[in-house]
Structures are given as structure tokens and as C-alpha cells.
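**Student:** Structure provided below as C-alpha cells; questions to follow.
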Amino acid sequence: MKSLLRCLVASSIAVLPAARALDVSFLAWDEQVATRQIAVGESEIAVKELHPLKRTEAVTASLLPSGELALRALDRKDSSDKPLTFTVKLGTGMTKPLVLLLPDTKAASGLRGFAIEDDTSSFPWGTFRVLNSTGKPLNLALGSIRKQLPVGWQPVDLQPEGEKALPIAISTTEAPQEPLYTGIWKAEREVRRLVFIVPGTEPRLGPLAIKVIPEDRRILAATAEP
């Protein structure tokens, strides 16, 4: 009877789903966030070299049964003197998340996370991936490309043909003929750029500001060489 019970327990354990693991990179929103000490999961794998302009190296992380990623703020403790834990929701089907670490004064950890798919099959080279963090919908014109940038940090991809320098204009949906930002963007086949549109903090520079995180696969290939 005991032997049968052990077999049944072993069988039930065998059919339990294995924890899903993914390679996750991180990006600090600003210099202050980059100084934080963050680890992944119960094993507390340290997130090294956080930077506001560059992805970290990927960390292999097991997800919670809910499909979320658990992070620990090692520099903040709870009442039991244990690191504060916070979770990051990952989109369905994400294969290589990039977790943006944002300051959050309302959170005990002082942080919250936002995950973006970062696999090159979804975010290919030569692409601008644009996220609108202003809280208001915007219109974008890049050369002949016309896109609306919704609220809610929803990624919008722009992939111009060739590598020409193109004029860009960003305006509100209420006044599309009155640009809040203008400039020149140049696509490069070997480079992809993650672009955040944020409220401007310096009136002389306009109501919008642009935060760009470039990644060059030629540099990645060179650093990967033995």
C-alpha cells in the first residue's frame, strides 16, 4: 500500500508543469534607478550594470505560476528585514522580455516594472520602436510614414526603407498641424532604437522630450567574439 502511495505521489509530481524560464534584460529609467540593487526571484540572481541608456546582459529567470516575474529590491527591507519583492507582468507569448525599471513613490520598493518584447523577430534591426509615455495620444510623421501613438506605453514600430535621413514631426491629435517636436531621424540597417516620448522638462526645448536607447548588432557581434 505504501509503495502504491509513493508511486501515485511521484506520478502527480511528474505531471506538474515545470516553471517557465526566460532570458530577461533590464533597463533603468534614470540614473537614480540605475543605483538600485535588484535581484531576480527567490535565488536572488543579481541584476548587474543597470544603466539608463543600455540594456543589461540577459538573466535566465524562472517565472511565477502566474506568469509574472518576481524581483527583489535588495536595498529595501520589510518588517522582517527581508528584501522587498515586487512583480512584473509579462505579455502573453513574450520570448525575450526587456524589463524597464521605473521609479514609483507609491510602491514600498520604490520601483515598478514594465516589460517590452525585445526579441529581434518582433523588434527587428533597422526599426524604431516608439512608446508614448506622455499620457495623451500623439500623431507621428516620419517621412511618408504616418502613425498614431496611443497612451499606455503601447509599442509602435517604424521601419523606413533604406537609410535616408527623414524629417519627423510629433503633434497632438487635437492639433495635428502644430508640431510639438520636429527633428531628423536616420534609420540604419544594423541598428534598432527603442524610443520613449516623454513630457519635456525644459520649456526652451519644447513640451516633448525624446529618450533613445540604441542597440548596434555590429557592436554586439564584436563583443561576442572570443
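Please note that chains go A, B, ... in the order of the C-alpha cells, that every chain numbers its residues from 1, and that ligands are numbered from 1 in the order shown.
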Extract, using only C-alpha atoms, all DNA, RNA and protein residues at most 10 Å from Arg146 of chain A, discarding same-chain residues fewer than 3 positions from it, and format them as JSON, numbers by chain.

**Tutor:** {"A": [139, 140, 141, 142, 143, 149, 158, 168, 169]}

**Student:** If you run DSSP on this backbone, which residues of segment 72-210 of chain A come out as strand (DSSP E), and could you give them as a PyMOL selection string?

**Tutor:** chain A and resi 72-77+83-88+97-103+111-117+128-132+138-142+145-149+156-158+165-172+181-186+191-199+208-210

**Student:** What lies within 7 Å of Val88 of chain A using only C-alpha atoms, ignoring chain neighbours under 4 positions off, as a PyMOL selection string?

**Tutor:** chain A and resi 68-70+113-114

**Student:** The selected residues should be written to file as a PDB file, in the first residue's frame (atoms: all heavy atoms).

**Tutor:**
```pdb
ATOM      1  N   GLU A  68       4.166  35.824 -13.999  1.00  0.00           N
ATOM      2  CA  GLU A  68       4.844  37.083 -13.691  1.00  0.00           C
ATOM      3  C   GLU A  68       6.299  36.832 -13.305  1.00  0.00           C
ATOM      4  O   GLU A  68       6.691  35.712 -12.956  1.00  0.00           O
ATOM      5  CB  GLU A  68       4.121  37.799 -12.551  1.00  0.00           C
ATOM      6  CG  GLU A  68       2.708  38.232 -12.881  1.00  0.00           C
ATOM      7  CD  GLU A  68       2.020  38.873 -11.698  1.00  0.00           C
ATOM      8  OE1 GLU A  68       1.960  38.211 -10.641  1.00  0.00           O
ATOM      9  OE2 GLU A  68       1.545  40.005 -11.824  1.00  0.00           O
ATOM     10  N   LEU A  69       7.080  37.897 -13.361  1.00  0.00           N
ATOM     11  CA  LEU A  69       8.478  37.844 -12.962  1.00  0.00           C
ATOM     12  C   LEU A  69       8.603  38.477 -11.584  1.00  0.00           C
ATOM     13  O   LEU A  69       8.112  39.588 -11.359  1.00  0.00           O
ATOM     14  CB  LEU A  69       9.335  38.613 -13.972  1.00  0.00           C
ATOM     15  CG  LEU A  69      10.836  38.709 -13.679  1.00  0.00           C
ATOM     16  CD1 LEU A  69      11.489  37.345 -13.828  1.00  0.00           C
ATOM     17  CD2 LEU A  69      11.489  39.719 -14.619  1.00  0.00           C
ATOM     18  N   ALA A  70       9.234  37.770 -10.647  1.00  0.00           N
ATOM     19  CA  ALA A  70       9.428  38.290  -9.299  1.00  0.00           C
ATOM     20  C   ALA A  70      10.809  38.934  -9.186  1.00  0.00           C
ATOM     21  O   ALA A  70      11.818  38.336  -9.564  1.00  0.00           O
ATOM     22  CB  ALA A  70       9.289  37.172  -8.276  1.00  0.00           C
ATOM     23  N   GLY A 113       7.869  47.734 -12.550  1.00  0.00           N
ATOM     24  CA  GLY A 113       8.462  47.261 -13.794  1.00  0.00           C
ATOM     25  C   GLY A 113       7.465  47.223 -14.929  1.00  0.00           C
ATOM     26  O   GLY A 113       6.263  47.015 -14.716  1.00  0.00           O
ATOM     27  N   PHE A 114       7.953  47.447 -16.127  1.00  0.00           N
ATOM     28  CA  PHE A 114       7.133  47.361 -17.336  1.00  0.00           C
ATOM     29  C   PHE A 114       7.913  46.567 -18.362  1.00  0.00           C
ATOM     30  O   PHE A 114       9.064  46.889 -18.678  1.00  0.00           O
ATOM     31  CB  PHE A 114       6.815  48.758 -17.873  1.00  0.00           C
ATOM     32  CG  PHE A 114       5.955  48.763 -19.104  1.00  0.00           C
ATOM     33  CD1 PHE A 114       4.584  48.570 -19.017  1.00  0.00           C
ATOM     34  CD2 PHE A 114       6.524  48.947 -20.367  1.00  0.00           C
ATOM     35  CE1 PHE A 114       3.791  48.563 -20.153  1.00  0.00           C
ATOM     36  CE2 PHE A 114       5.742  48.940 -21.507  1.00  0.00           C
ATOM     37  CZ  PHE A 114       4.372  48.752 -21.403  1.00  0.00           C
TER      38      PHE A 114
END
```

**Student:** Which neighbours of Val151 of chain A fall inside 6 Å, counting only C-alpha atoms, when residues of the same chain fewer than 3 positions from it are skipped, and could you give them as a CSV table (one decimal) with N, CA and C atoms, in the first residue's frame?

**Tutor:**
```
chain,number,residue,atom,x,y,z
A,135,GLY,N,0.9,60.3,-21.6
A,135,GLY,CA,-0.5,60.2,-21.1
A,135,GLY,C,-1.5,60.7,-22.1
A,136,LYS,N,-1.1,61.2,-23.2
A,136,LYS,CA,-2.0,61.7,-24.2
A,136,LYS,C,-1.7,61.1,-25.6
A,137,PRO,N,-2.7,60.8,-26.4
A,137,PRO,CA,-2.4,60.2,-27.7
A,137,PRO,C,-1.7,61.3,-28.6
```

**Student:** Can you tell me, as a list in words, what residues are no more than 10 Å from Glu215 of chain A when counting only C-alpha atoms, ignoring any on the same chain fewer than 4 positions away?

**Tutor:**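 Final neighbour list, sorted by chain and number: Leu53, Lys54, Arg55, Trp125, Glu190, Val191, Arg192, Arg193, Leu194, Ile219 and Leu220 of chain A.
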
**Student:** Just to be explicit: take each residue in the selection above, keep N, CA, C and O atoms, and write the result as a PDB file, in the first residue's frame.

**Tutor:**
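Now in part.pdb:
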```pdb
ATOM      1  N   LEU A  53      20.756  54.014 -20.363  1.00  0.00           N
ATOM      2  CA  LEU A  53      20.888  54.111 -21.821  1.00  0.00           C
ATOM      3  C   LEU A  53      21.319  52.798 -22.463  1.00  0.00           C
ATOM      4  O   LEU A  53      21.583  52.773 -23.667  1.00  0.00           O
ATOM      5  N   LYS A  54      21.380  51.728 -21.690  1.00  0.00           N
ATOM      6  CA  LYS A  54      21.860  50.461 -22.234  1.00  0.00           C
ATOM      7  C   LYS A  54      21.206  49.299 -21.504  1.00  0.00           C
ATOM      8  O   LYS A  54      21.087  49.310 -20.276  1.00  0.00           O
ATOM      9  N   ARG A  55      20.824  48.289 -22.266  1.00  0.00           N
ATOM     10  CA  ARG A  55      20.289  47.067 -21.674  1.00  0.00           C
ATOM     11  C   ARG A  55      21.361  46.347 -20.868  1.00  0.00           C
ATOM     12  O   ARG A  55      22.546  46.379 -21.222  1.00  0.00           O
ATOM     13  N   TRP A 125      16.096  44.665 -36.580  1.00  0.00           N
ATOM     14  CA  TRP A 125      17.117  45.677 -36.841  1.00  0.00           C
ATOM     15  C   TRP A 125      16.599  46.645 -37.904  1.00  0.00           C
ATOM     16  O   TRP A 125      15.876  46.261 -38.813  1.00  0.00           O
ATOM     17  N   GLU A 190      21.712  48.133 -39.389  1.00  0.00           N
ATOM     18  CA  GLU A 190      22.372  47.364 -38.339  1.00  0.00           C
ATOM     19  C   GLU A 190      22.005  47.837 -36.933  1.00  0.00           C
ATOM     20  O   GLU A 190      22.543  47.315 -35.947  1.00  0.00           O
ATOM     21  N   VAL A 191      21.130  48.812 -36.843  1.00  0.00           N
ATOM     22  CA  VAL A 191      20.808  49.415 -35.547  1.00  0.00           C
ATOM     23  C   VAL A 191      19.295  49.418 -35.334  1.00  0.00           C
ATOM     24  O   VAL A 191      18.528  49.682 -36.265  1.00  0.00           O
ATOM     25  N   ARG A 192      18.879  49.115 -34.135  1.00  0.00           N
ATOM     26  CA  ARG A 192      17.484  49.307 -33.763  1.00  0.00           C
ATOM     27  C   ARG A 192      17.445  50.272 -32.580  1.00  0.00           C
ATOM     28  O   ARG A 192      18.360  50.286 -31.746  1.00  0.00           O
ATOM     29  N   ARG A 193      16.384  51.054 -32.520  1.00  0.00           N
ATOM     30  CA  ARG A 193      16.305  52.096 -31.494  1.00  0.00           C
ATOM     31  C   ARG A 193      14.979  52.020 -30.750  1.00  0.00           C
ATOM     32  O   ARG A 193      13.915  52.052 -31.366  1.00  0.00           O
ATOM     33  N   LEU A 194      15.090  51.931 -29.441  1.00  0.00           N
ATOM     34  CA  LEU A 194      13.926  51.999 -28.571  1.00  0.00           C
ATOM     35  C   LEU A 194      13.759  53.460 -28.179  1.00  0.00           C
ATOM     36  O   LEU A 194      14.687  54.076 -27.633  1.00  0.00           O
ATOM     37  N   ILE A 219      28.297  45.959 -32.909  1.00  0.00           N
ATOM     38  CA  ILE A 219      28.982  46.023 -31.625  1.00  0.00           C
ATOM     39  C   ILE A 219      28.733  44.762 -30.823  1.00  0.00           C
ATOM     40  O   ILE A 219      29.647  44.209 -30.188  1.00  0.00           O
ATOM     41  N   LEU A 220      27.488  44.262 -30.863  1.00  0.00           N
ATOM     42  CA  LEU A 220      27.171  43.027 -30.159  1.00  0.00           C
ATOM     43  C   LEU A 220      28.002  41.864 -30.691  1.00  0.00           C
ATOM     44  O   LEU A 220      28.516  41.045 -29.928  1.00  0.00           O
TER      45      LEU A 220
END
```

**Student:** Quick check, in Å to one decimal: how far apart do atom CA of Val47 of chain A and atom CA of Ala21 of chain A lie?

**Tutor:**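 These two atoms are separated by 16.0 Å.
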